[in-house]
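Raw contents of upload24.cif, mmCIF, C-alpha atoms, pLDDT in the B column; chains and numbers go by the auth columns:
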```
data_model
loop_
_atom_site.group_PDB
_atom_site.id
_atom_site.type_symbol
_atom_site.label_atom_id
_atom_site.label_comp_id
_atom_site.label_asym_id
_atom_site.label_seq_id
_atom_site.Cartn_x
_atom_site.Cartn_y
_atom_site.Cartn_z
_atom_site.B_iso_or_equiv
_atom_site.auth_seq_id
_atom_site.auth_asym_id
ATOM 1 C CA MET A 1 66.650 265.412 11.563 50.00 1 A
ATOM 2 C CA GLY A 2 65.647 261.993 10.217 48.00 2 A
ATOM 3 C CA ASP A 3 61.988 261.021 10.508 53.00 3 A
ATOM 4 C CA PRO A 4 60.063 264.183 11.502 57.00 4 A
ATOM 5 C CA SER A 5 57.454 261.987 13.201 60.00 5 A
ATOM 6 C CA SER A 6 60.088 260.841 15.726 80.00 6 A
ATOM 7 C CA VAL A 7 59.940 264.162 17.580 84.00 7 A
ATOM 8 C CA PRO A 8 56.948 265.866 19.255 87.00 8 A
ATOM 9 C CA THR A 9 55.900 269.194 17.714 86.00 9 A
ATOM 10 C CA PHE A 10 53.161 271.781 18.067 87.00 10 A
ATOM 11 C CA GLN A 11 51.778 274.571 15.902 88.00 11 A
ATOM 12 C CA LEU A 12 51.628 278.208 16.957 86.00 12 A
ATOM 13 C CA GLY A 13 50.982 281.177 14.702 84.00 13 A
ATOM 14 C CA GLY A 14 51.434 279.063 11.591 85.00 14 A
ATOM 15 C CA LEU A 15 54.885 277.889 12.737 86.00 15 A
ATOM 16 C CA THR A 16 55.931 274.398 13.773 87.00 16 A
ATOM 17 C CA PHE A 17 57.901 274.145 17.006 89.00 17 A
ATOM 18 C CA ASN A 18 60.105 271.171 17.832 89.00 18 A
ATOM 19 C CA VAL A 19 59.452 270.236 21.473 92.00 19 A
ATOM 20 C CA THR A 20 62.538 268.013 21.630 91.00 20 A
ATOM 21 C CA ASN A 21 64.820 270.894 20.707 92.00 21 A
ATOM 22 C CA MET A 22 63.098 273.151 23.214 93.00 22 A
ATOM 23 C CA ILE A 23 63.446 270.673 26.098 93.00 23 A
ATOM 24 C CA SER A 24 66.996 269.617 25.209 94.00 24 A
ATOM 25 C CA GLY A 25 68.120 273.210 24.675 94.00 25 A
ATOM 26 C CA LEU A 26 66.578 274.216 28.003 95.00 26 A
ATOM 27 C CA ILE A 27 68.418 271.399 29.793 95.00 27 A
ATOM 28 C CA ALA A 28 71.719 272.500 28.237 95.00 28 A
ATOM 29 C CA PHE A 29 71.020 276.140 29.138 95.00 29 A
ATOM 30 C CA VAL A 30 70.158 275.309 32.766 95.00 30 A
ATOM 31 C CA PHE A 31 73.262 273.144 33.123 95.00 31 A
ATOM 32 C CA VAL A 32 75.546 275.862 31.745 95.00 32 A
ATOM 33 C CA PHE A 33 73.881 278.543 33.884 95.00 33 A
ATOM 34 C CA LEU A 34 74.144 276.515 37.099 95.00 34 A
ATOM 35 C CA PHE A 35 77.733 275.527 36.293 93.00 35 A
ATOM 36 C CA VAL A 36 78.883 279.123 35.782 93.00 36 A
ATOM 37 C CA PHE A 37 76.717 280.367 38.674 93.00 37 A
ATOM 38 C CA ALA A 38 78.276 277.850 41.072 90.00 38 A
ATOM 39 C CA LEU A 39 81.834 278.687 40.019 89.00 39 A
ATOM 40 C CA SER A 40 81.346 282.452 40.233 87.00 40 A
ATOM 41 C CA ARG A 41 79.739 282.742 43.684 83.00 41 A
ATOM 42 C CA HIS A 42 82.949 283.482 45.602 79.00 42 A
ATOM 43 C CA ILE A 43 85.252 285.604 43.446 77.00 43 A
ATOM 44 C CA THR A 44 88.300 286.624 45.486 79.00 44 A
ATOM 45 C CA MET A 45 91.821 287.924 44.932 78.00 45 A
ATOM 46 C CA LYS A 46 93.062 284.507 46.033 79.00 46 A
ATOM 47 C CA PRO A 47 91.015 282.211 43.810 78.00 47 A
ATOM 48 C CA GLY A 48 89.751 278.863 44.966 82.00 48 A
ATOM 49 C CA ARG A 49 89.275 275.761 42.848 84.00 49 A
ATOM 50 C CA GLY A 50 85.972 276.877 41.317 84.00 50 A
ATOM 51 C CA GLN A 51 87.249 280.317 40.406 87.00 51 A
ATOM 52 C CA ASN A 52 90.401 278.781 38.912 90.00 52 A
ATOM 53 C CA ILE A 53 88.277 276.564 36.669 91.00 53 A
ATOM 54 C CA LEU A 54 86.144 279.504 35.557 91.00 54 A
ATOM 55 C CA GLU A 55 89.171 281.712 34.868 91.00 55 A
ATOM 56 C CA TRP A 56 90.809 278.893 32.916 93.00 56 A
ATOM 57 C CA LEU A 57 87.702 278.537 30.735 93.00 57 A
ATOM 58 C CA VAL A 58 87.592 282.296 30.115 93.00 58 A
ATOM 59 C CA ASP A 59 91.283 282.336 29.208 94.00 59 A
ATOM 60 C CA PHE A 60 90.827 279.286 26.993 94.00 60 A
ATOM 61 C CA THR A 61 88.031 280.825 24.929 94.00 61 A
ATOM 62 C CA ASN A 62 89.774 284.211 24.824 93.00 62 A
ATOM 63 C CA ASN A 63 92.890 282.534 23.433 92.00 63 A
ATOM 64 C CA ILE A 64 90.777 280.919 20.715 92.00 64 A
ATOM 65 C CA LEU A 65 89.514 284.361 19.695 92.00 65 A
ATOM 66 C CA LYS A 66 92.984 285.929 19.886 90.00 66 A
ATOM 67 C CA GLY A 67 94.197 283.442 17.305 87.00 67 A
ATOM 68 C CA SER A 68 92.162 285.286 14.640 88.00 68 A
ATOM 69 C CA ILE A 69 90.783 288.567 16.006 88.00 69 A
ATOM 70 C CA PRO A 70 93.186 291.488 16.602 81.00 70 A
ATOM 71 C CA GLY A 71 94.152 291.720 20.272 75.00 71 A
ATOM 72 C CA ASN A 72 92.634 295.136 20.887 81.00 72 A
ATOM 73 C CA GLU A 73 89.224 293.946 19.650 84.00 73 A
ATOM 74 C CA THR A 74 89.053 290.501 21.237 87.00 74 A
ATOM 75 C CA SER A 75 87.337 291.756 24.399 86.00 75 A
ATOM 76 C CA ALA A 76 84.242 292.788 22.425 89.00 76 A
ATOM 77 C CA PHE A 77 83.597 289.148 21.498 92.00 77 A
ATOM 78 C CA GLY A 78 84.904 287.422 24.633 91.00 78 A
ATOM 79 C CA LEU A 79 81.495 286.837 26.218 93.00 79 A
ATOM 80 C CA TYR A 80 80.056 285.487 22.968 94.00 80 A
ATOM 81 C CA GLY A 81 82.949 283.073 22.525 94.00 81 A
ATOM 82 C CA PHE A 82 82.733 281.911 26.142 95.00 82 A
ATOM 83 C CA THR A 83 78.982 281.255 26.198 95.00 83 A
ATOM 84 C CA LEU A 84 79.029 279.768 22.681 95.00 84 A
ATOM 85 C CA PHE A 85 81.731 277.261 23.589 96.00 85 A
ATOM 86 C CA LEU A 86 80.092 276.178 26.853 95.00 86 A
ATOM 87 C CA PHE A 87 76.626 275.804 25.346 96.00 87 A
ATOM 88 C CA LEU A 88 77.853 273.886 22.304 95.00 88 A
ATOM 89 C CA PHE A 89 80.055 271.646 24.441 95.00 89 A
ATOM 90 C CA VAL A 90 77.177 270.715 26.765 95.00 90 A
ATOM 91 C CA SER A 91 74.761 270.360 23.832 94.00 91 A
ATOM 92 C CA ASN A 92 77.153 268.057 22.003 93.00 92 A
ATOM 93 C CA GLU A 93 77.659 265.804 25.021 91.00 93 A
ATOM 94 C CA LEU A 94 74.050 265.749 26.247 91.00 94 A
ATOM 95 C CA GLY A 95 72.766 263.042 23.896 85.00 95 A
ATOM 96 C CA LEU A 96 75.703 260.748 24.688 82.00 96 A
ATOM 97 C CA PHE A 97 74.566 260.354 28.278 83.00 97 A
ATOM 98 C CA ILE A 98 70.879 261.313 28.279 84.00 98 A
ATOM 99 C CA GLN A 99 68.487 260.125 25.590 82.00 99 A
ATOM 100 C CA ILE A 100 64.813 259.884 26.522 84.00 100 A
ATOM 101 C CA SER A 101 62.258 258.321 24.192 82.00 101 A
ATOM 102 C CA LEU A 102 58.616 257.810 25.131 84.00 102 A
ATOM 103 C CA GLY A 103 55.749 256.650 22.961 80.00 103 A
ATOM 104 C CA GLY A 104 57.975 256.393 19.910 78.00 104 A
ATOM 105 C CA LYS A 105 59.066 260.026 20.271 84.00 105 A
ATOM 106 C CA ASP A 106 62.507 261.408 21.157 84.00 106 A
ATOM 107 C CA TRP A 107 62.066 263.886 24.006 89.00 107 A
ATOM 108 C CA VAL A 108 65.679 264.524 25.005 89.00 108 A
ATOM 109 C CA ARG A 109 68.798 264.285 22.855 89.00 109 A
ATOM 110 C CA SER A 110 71.686 266.518 21.824 91.00 110 A
ATOM 111 C CA PRO A 111 70.246 269.827 20.544 93.00 111 A
ATOM 112 C CA THR A 112 73.086 269.968 18.031 93.00 112 A
ATOM 113 C CA SER A 113 71.936 266.709 16.423 90.00 113 A
ATOM 114 C CA ASP A 114 69.298 268.829 14.646 91.00 114 A
ATOM 115 C CA PRO A 115 70.534 270.997 11.735 92.00 115 A
ATOM 116 C CA ILE A 116 67.984 273.702 12.580 92.00 116 A
ATOM 117 C CA VAL A 117 69.822 274.332 15.858 94.00 117 A
ATOM 118 C CA THR A 118 73.329 274.297 14.415 94.00 118 A
ATOM 119 C CA MET A 119 72.344 276.433 11.430 95.00 119 A
ATOM 120 C CA THR A 120 70.791 278.946 13.820 94.00 120 A
ATOM 121 C CA PHE A 121 74.105 279.261 15.647 95.00 121 A
ATOM 122 C CA SER A 122 75.848 279.557 12.292 95.00 122 A
ATOM 123 C CA LEU A 123 73.510 282.353 11.215 95.00 123 A
ATOM 124 C CA ALA A 124 74.006 284.149 14.545 95.00 124 A
ATOM 125 C CA THR A 125 77.785 284.078 14.109 95.00 125 A
ATOM 126 C CA LEU A 126 77.657 285.433 10.563 94.00 126 A
ATOM 127 C CA MET A 127 75.185 288.162 11.556 95.00 127 A
ATOM 128 C CA ILE A 128 77.467 289.223 14.412 95.00 128 A
ATOM 129 C CA ALA A 129 80.364 289.322 11.947 93.00 129 A
ATOM 130 C CA GLN A 130 78.386 291.530 9.568 93.00 130 A
ATOM 131 C CA TYR A 131 77.292 293.801 12.413 93.00 131 A
ATOM 132 C CA ALA A 132 80.873 294.157 13.654 91.00 132 A
ATOM 133 C CA GLY A 133 82.063 295.074 10.162 90.00 133 A
ATOM 134 C CA VAL A 134 79.345 297.697 9.712 92.00 134 A
ATOM 135 C CA MET A 135 80.010 299.219 13.142 90.00 135 A
ATOM 136 C CA LYS A 136 83.721 299.511 12.415 87.00 136 A
ATOM 137 C CA PHE A 137 83.745 300.663 8.789 85.00 137 A
ATOM 138 C CA GLY A 138 80.217 301.889 8.115 89.00 138 A
ATOM 139 C CA TRP A 139 77.697 300.461 5.665 86.00 139 A
ATOM 140 C CA LYS A 140 79.337 301.717 2.483 86.00 140 A
ATOM 141 C CA LYS A 141 82.908 300.686 3.190 87.00 141 A
ATOM 142 C CA HIS A 142 81.901 297.344 4.693 81.00 142 A
ATOM 143 C CA PHE A 143 79.706 296.151 1.833 84.00 143 A
ATOM 144 C CA SER A 144 81.991 297.597 -0.849 84.00 144 A
ATOM 145 C CA GLY A 145 84.349 294.783 0.100 80.00 145 A
ATOM 146 C CA TYR A 146 82.004 292.400 -1.726 82.00 146 A
ATOM 147 C CA LEU A 147 82.871 294.203 -4.969 81.00 147 A
ATOM 148 C CA LYS A 148 86.620 293.687 -4.677 79.00 148 A
ATOM 149 C CA PRO A 149 88.808 293.102 -6.577 78.00 149 A
ATOM 150 C CA PHE A 150 86.186 294.115 -9.164 76.00 150 A
ATOM 151 C CA VAL A 151 82.406 294.519 -9.340 79.00 151 A
ATOM 152 C CA PHE A 152 81.826 291.204 -11.101 80.00 152 A
ATOM 153 C CA TRP A 153 83.176 289.465 -7.986 80.00 153 A
ATOM 154 C CA LEU A 154 79.867 290.121 -6.163 86.00 154 A
ATOM 155 C CA PRO A 155 78.197 286.743 -6.987 88.00 155 A
ATOM 156 C CA ILE A 156 81.279 284.879 -5.769 89.00 156 A
ATOM 157 C CA SER A 157 81.373 286.907 -2.556 86.00 157 A
ATOM 158 C CA ILE A 158 77.704 286.160 -1.872 89.00 158 A
ATOM 159 C CA PHE A 159 78.224 282.473 -2.650 92.00 159 A
ATOM 160 C CA GLU A 160 81.183 282.415 -0.243 90.00 160 A
ATOM 161 C CA GLU A 161 79.000 283.795 2.553 90.00 161 A
ATOM 162 C CA PHE A 162 76.374 281.150 1.832 93.00 162 A
ATOM 163 C CA THR A 163 78.899 278.304 1.893 93.00 163 A
ATOM 164 C CA ASN A 164 80.368 279.630 5.155 92.00 164 A
ATOM 165 C CA PHE A 165 76.878 279.563 6.633 93.00 165 A
ATOM 166 C CA LEU A 166 76.250 275.986 5.481 93.00 166 A
ATOM 167 C CA THR A 167 79.601 274.463 6.379 93.00 167 A
ATOM 168 C CA LEU A 168 79.782 276.054 9.830 93.00 168 A
ATOM 169 C CA GLY A 169 76.419 274.618 10.848 93.00 169 A
ATOM 170 C CA LEU A 170 76.426 271.298 8.992 93.00 170 A
ATOM 171 C CA ARG A 171 79.882 270.235 10.175 92.00 171 A
ATOM 172 C CA ILE A 172 78.941 270.050 13.848 93.00 172 A
ATOM 173 C CA PHE A 173 75.495 268.616 13.056 93.00 173 A
ATOM 174 C CA GLY A 174 76.944 265.774 10.989 91.00 174 A
ATOM 175 C CA VAL A 175 79.356 264.674 13.701 90.00 175 A
ATOM 176 C CA ILE A 176 76.843 264.779 16.576 90.00 176 A
ATOM 177 C CA TYR A 177 73.957 263.254 14.613 89.00 177 A
ATOM 178 C CA SER A 178 76.028 260.334 13.329 86.00 178 A
ATOM 179 C CA GLY A 179 77.369 259.707 16.829 84.00 179 A
ATOM 180 C CA GLU A 180 73.875 259.471 18.320 82.00 180 A
ATOM 181 C CA MET A 181 72.629 257.255 15.515 83.00 181 A
ATOM 182 C CA LEU A 182 75.476 254.793 16.049 83.00 182 A
ATOM 183 C CA LEU A 183 74.727 254.701 19.783 81.00 183 A
ATOM 184 C CA LYS A 184 71.109 253.828 18.995 80.00 184 A
ATOM 185 C CA ILE A 185 72.235 251.029 16.668 82.00 185 A
ATOM 186 C CA ILE A 186 74.545 249.660 19.366 80.00 186 A
ATOM 187 C CA GLY A 187 71.682 249.855 21.866 76.00 187 A
ATOM 188 C CA GLU A 188 69.414 247.852 19.583 76.00 188 A
ATOM 189 C CA MET A 189 72.160 245.295 19.036 76.00 189 A
ATOM 190 C CA ALA A 190 72.499 244.810 22.804 72.00 190 A
ATOM 191 C CA PHE A 191 69.046 243.211 23.036 71.00 191 A
ATOM 192 C CA SER A 192 69.034 241.370 19.734 72.00 192 A
ATOM 193 C CA GLY A 193 71.135 238.276 20.431 69.00 193 A
ATOM 194 C CA GLY A 194 71.234 237.380 24.097 69.00 194 A
ATOM 195 C CA ILE A 195 74.053 237.782 26.603 76.00 195 A
ATOM 196 C CA ALA A 196 76.852 237.610 24.011 71.00 196 A
ATOM 197 C CA SER A 197 75.567 240.504 21.939 73.00 197 A
ATOM 198 C CA PHE A 198 74.782 242.450 25.123 73.00 198 A
ATOM 199 C CA GLY A 199 78.376 242.150 26.332 78.00 199 A
ATOM 200 C CA VAL A 200 79.796 243.203 22.967 79.00 200 A
ATOM 201 C CA ALA A 201 77.357 246.116 22.759 79.00 201 A
ATOM 202 C CA VAL A 202 78.308 247.394 26.220 80.00 202 A
ATOM 203 C CA VAL A 203 81.994 247.459 25.281 84.00 203 A
ATOM 204 C CA LEU A 204 81.267 249.149 21.948 83.00 204 A
ATOM 205 C CA ALA A 205 78.996 251.702 23.615 81.00 205 A
ATOM 206 C CA LEU A 206 81.626 252.647 26.200 84.00 206 A
ATOM 207 C CA VAL A 207 84.332 253.005 23.562 86.00 207 A
ATOM 208 C CA TRP A 208 82.089 255.005 21.240 81.00 208 A
ATOM 209 C CA GLN A 209 80.841 257.256 24.039 82.00 209 A
ATOM 210 C CA GLY A 210 84.407 258.117 24.984 84.00 210 A
ATOM 211 C CA PHE A 211 85.344 258.819 21.389 86.00 211 A
ATOM 212 C CA SER A 212 82.168 260.821 20.759 85.00 212 A
ATOM 213 C CA ALA A 213 82.740 262.884 23.910 87.00 213 A
ATOM 214 C CA PHE A 214 86.147 263.811 22.497 90.00 214 A
ATOM 215 C CA LEU A 215 84.612 264.657 19.111 89.00 215 A
ATOM 216 C CA GLY A 216 81.947 266.795 20.790 90.00 216 A
ATOM 217 C CA ALA A 217 84.602 268.845 22.572 92.00 217 A
ATOM 218 C CA ILE A 218 86.611 269.208 19.359 94.00 218 A
ATOM 219 C CA GLN A 219 83.544 270.346 17.407 94.00 219 A
ATOM 220 C CA ALA A 220 82.735 273.024 19.997 94.00 220 A
ATOM 221 C CA PHE A 221 86.355 274.220 19.719 95.00 221 A
ATOM 222 C CA VAL A 222 86.263 274.192 15.913 95.00 222 A
ATOM 223 C CA PHE A 223 82.959 276.079 15.806 95.00 223 A
ATOM 224 C CA VAL A 224 84.270 278.883 18.032 95.00 224 A
ATOM 225 C CA THR A 225 87.545 278.975 16.112 95.00 225 A
ATOM 226 C CA LEU A 226 85.825 279.330 12.744 94.00 226 A
ATOM 227 C CA SER A 227 83.424 281.889 14.226 94.00 227 A
ATOM 228 C CA SER A 228 86.407 284.012 15.246 94.00 228 A
ATOM 229 C CA VAL A 229 87.878 283.632 11.745 93.00 229 A
ATOM 230 C CA TYR A 230 84.656 284.852 10.108 92.00 230 A
ATOM 231 C CA ILE A 231 84.376 287.788 12.534 92.00 231 A
ATOM 232 C CA ALA A 232 88.029 288.751 12.003 91.00 232 A
ATOM 233 C CA ASP A 233 87.468 288.679 8.238 89.00 233 A
ATOM 234 C CA LYS A 234 84.832 291.412 8.567 89.00 234 A
ATOM 235 C CA ILE A 235 86.759 293.733 10.898 86.00 235 A
ATOM 236 C CA GLU A 236 90.119 293.611 9.140 79.00 236 A
ATOM 237 C CA ILE A 237 91.118 295.278 5.896 63.00 237 A
ATOM 238 C CA ASP A 238 92.743 292.848 3.482 60.00 238 A
#
```
Conversion result in structure tokens:
Amino acid sequence: MGDPSSVPTFQLGGLTFNVTNMISGLIAFVFVFLFVFALSRHITMKPGRGQNILEWLVDFTNNILKGSIPGNETSAFGLYGFTLFLFLFVSNELGLFIQISLGGKDWVRSPTSDPIVTMTFSLATLMIAQYAGVMKFGWKKHFSGYLKPFVFWLPISIFEEFTNFLTLGLRIFGVIYSGEMLLKIIGEMAFSGGIASFGVAVVLALVWQGFSAFLGAIQAFVFVTLSSVYIADKIEID
């Protein structure tokens, strides 16, 4: 987002690929994989500290899903909710602590500070919701719900799906992007007026990083919560 020239890209097959998103997303993926891998190496009946942390995270994300999805169907989406929360959490926090810029290009930042990434997750959630509805009710019964309470309701139903897609992705993008931009402004201020401005900037950066870390965790929670709401809407009969 912002100035497209601020990120490195390359062309392949007529498509433009954002190198920053690829590198940042890979870093987040590797971190999540190694984190879960390390905690799950010694699963025993008497859990140790690592296993307790992993089980707490699984229970935490399962409880998010149970708040919207019927209990007997939660297990089908447990893995999605777990991996989605961890990846979004790490992605949200990444740019607060690691931002790499070389040659006027941003190489590493929060993946979720780009709307393409967040909208992709939003689309994935809504597609999973549609798939779950079709698998449970069949094509005809599932899509006939768009015609209720009467056939002229179809445009409103389609518009509702579109707004769900936009708001789910843009909400998390807006919070993370604005947080990173403010950190950059504070960083520029640190070297603009000598020692005094540097001291003020350090304090502001620490305070804002703490607050943004909290917001990043909340946004990951909200995204998974709303994802479960959208999925539940497609597998329940109103």
Kindly provide the residues of stretch 110-186 of chain A that approach stretch 65-75 of chain A to within 12 Å, each paired with its closest atom pair and their distance in Å to one decimal, based on only C-alpha atoms, listed by chain and increasing number, as JSON lines.
```
{"residue": "A:Ala129", "atom": "CA", "partner": "A:Ile69", "partner_atom": "CA", "distance": 11.2}
{"residue": "A:Ala132", "atom": "CA", "partner": "A:Glu73", "partner_atom": "CA", "distance": 10.3}
{"residue": "A:Gly133", "atom": "CA", "partner": "A:Glu73", "partner_atom": "CA", "distance": 11.9}
{"residue": "A:Lys136", "atom": "CA", "partner": "A:Glu73", "partner_atom": "CA", "distance": 10.7}
```
Using all atoms listed in the file, which residues sit within 9 Å of stretch 91-95 of chain A once same-chain residues fewer than 6 positions away are excluded, as a PyMOL selection string?
chain A and resi 24-25+27-29+108-113+172+176+180+212-213+215-217+219-220
Could you list the residues chosen by the PyMOL selection byres ((chain A and resi 20) around 10) in this structure as a compact mmCIF listing (two decimals) with C-alpha atoms, keeping the file's coordinate frame?
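Generated output (selection_12.txt):
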```txt
# COMPACT_ATOMS: atom_id res chain seq x y z
CA SER A 6 60.09 260.84 15.73
CA VAL A 7 59.94 264.16 17.58
CA PRO A 8 56.95 265.87 19.26
CA THR A 9 55.90 269.19 17.71
CA PHE A 17 57.90 274.14 17.01
CA ASN A 18 60.10 271.17 17.83
CA VAL A 19 59.45 270.24 21.47
CA ASN A 21 64.82 270.89 20.71
CA MET A 22 63.10 273.15 23.21
CA ILE A 23 63.45 270.67 26.10
CA SER A 24 67.00 269.62 25.21
CA GLY A 25 68.12 273.21 24.68
CA LEU A 26 66.58 274.22 28.00
CA ILE A 100 64.81 259.88 26.52
CA LYS A 105 59.07 260.03 20.27
CA ASP A 106 62.51 261.41 21.16
CA TRP A 107 62.07 263.89 24.01
CA VAL A 108 65.68 264.52 25.00
CA ARG A 109 68.80 264.29 22.86
CA SER A 110 71.69 266.52 21.82
CA PRO A 111 70.25 269.83 20.54
CA ASP A 114 69.30 268.83 14.65
```
Between stretch 108-153 of chain A and stretch 229-236 of chain A, at 10 Å or less, what are the per-residue closest atom pairs and their distances in Å? Count all atoms listed in the file, order by chain and rising residue number, and return it as a tab-separated table.
```
residue	atom	partner	partner_atom	distance
A:Thr125	CA	A:Ile231	CA	7.7
A:Leu126	CA	A:Tyr230	CA	7.0
A:Met127	CA	A:Ile231	CA	9.3
A:Ile128	CA	A:Ile231	CA	7.3
A:Ala129	CA	A:Ile231	CA	4.3
A:Gln130	CA	A:Lys234	CA	6.5
A:Tyr131	CA	A:Lys234	CA	8.8
A:Ala132	CA	A:Ile235	CA	6.5
A:Gly133	CA	A:Lys234	CA	4.9
A:Val134	CA	A:Lys234	CA	8.4
A:Met135	CA	A:Ile235	CA	9.0
A:Lys136	CA	A:Ile235	CA	6.7
A:Phe137	CA	A:Ile235	CA	7.8
A:His142	CA	A:Lys234	CA	7.7
A:Phe143	CA	A:Lys234	CA	9.7
A:Gly145	CA	A:Lys234	CA	9.1
```
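Counting from atom CA of A:Leu57, the distance to atom CA of A:Gly78 is 11.1 Å.
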Can you work out which one of A:Phe159, A:Gly210, A:Phe82, A:Phe37 has the shortest atom-to-atom distance to A:Trp56, counting all atoms listed in the file?
A:Phe82
Result set of the PyMOL selection byres ((chain A and resi 186) around 12) on the coordinates above, as an mmCIF file with C-alpha atoms, in the coordinates of the input:
```
data_model
loop_
_atom_site.group_PDB
_atom_site.id
_atom_site.type_symbol
_atom_site.label_atom_id
_atom_site.label_comp_id
_atom_site.auth_asym_id
_atom_site.auth_seq_id
_atom_site.Cartn_x
_atom_site.Cartn_y
_atom_site.Cartn_z
ATOM 1 C CA GLY A 179 77.369 259.707 16.829
ATOM 2 C CA GLU A 180 73.875 259.471 18.320
ATOM 3 C CA MET A 181 72.629 257.255 15.515
ATOM 4 C CA LEU A 182 75.476 254.793 16.049
ATOM 5 C CA LEU A 183 74.727 254.701 19.783
ATOM 6 C CA LYS A 184 71.109 253.828 18.995
ATOM 7 C CA ILE A 185 72.235 251.029 16.668
ATOM 8 C CA GLY A 187 71.682 249.855 21.866
ATOM 9 C CA GLU A 188 69.414 247.852 19.583
ATOM 10 C CA MET A 189 72.160 245.295 19.036
ATOM 11 C CA ALA A 190 72.499 244.810 22.804
ATOM 12 C CA PHE A 191 69.046 243.211 23.036
ATOM 13 C CA SER A 192 69.034 241.370 19.734
ATOM 14 C CA GLY A 193 71.135 238.276 20.431
ATOM 15 C CA SER A 197 75.567 240.504 21.939
ATOM 16 C CA PHE A 198 74.782 242.450 25.123
ATOM 17 C CA GLY A 199 78.376 242.150 26.332
ATOM 18 C CA VAL A 200 79.796 243.203 22.967
ATOM 19 C CA ALA A 201 77.357 246.116 22.759
ATOM 20 C CA VAL A 202 78.308 247.394 26.220
ATOM 21 C CA VAL A 203 81.994 247.459 25.281
ATOM 22 C CA LEU A 204 81.267 249.149 21.948
ATOM 23 C CA ALA A 205 78.996 251.702 23.615
ATOM 24 C CA LEU A 206 81.626 252.647 26.200
ATOM 25 C CA VAL A 207 84.332 253.005 23.562
ATOM 26 C CA TRP A 208 82.089 255.005 21.240
ATOM 27 C CA GLN A 209 80.841 257.256 24.039
#
```
Once you count all atoms listed in the file, which residues end up no further than 12 Å from (78.8, 279.3, 8.5) in the file's frame, shown as a ChimeraX atom specification?
/A:118-129,159-172,222-231
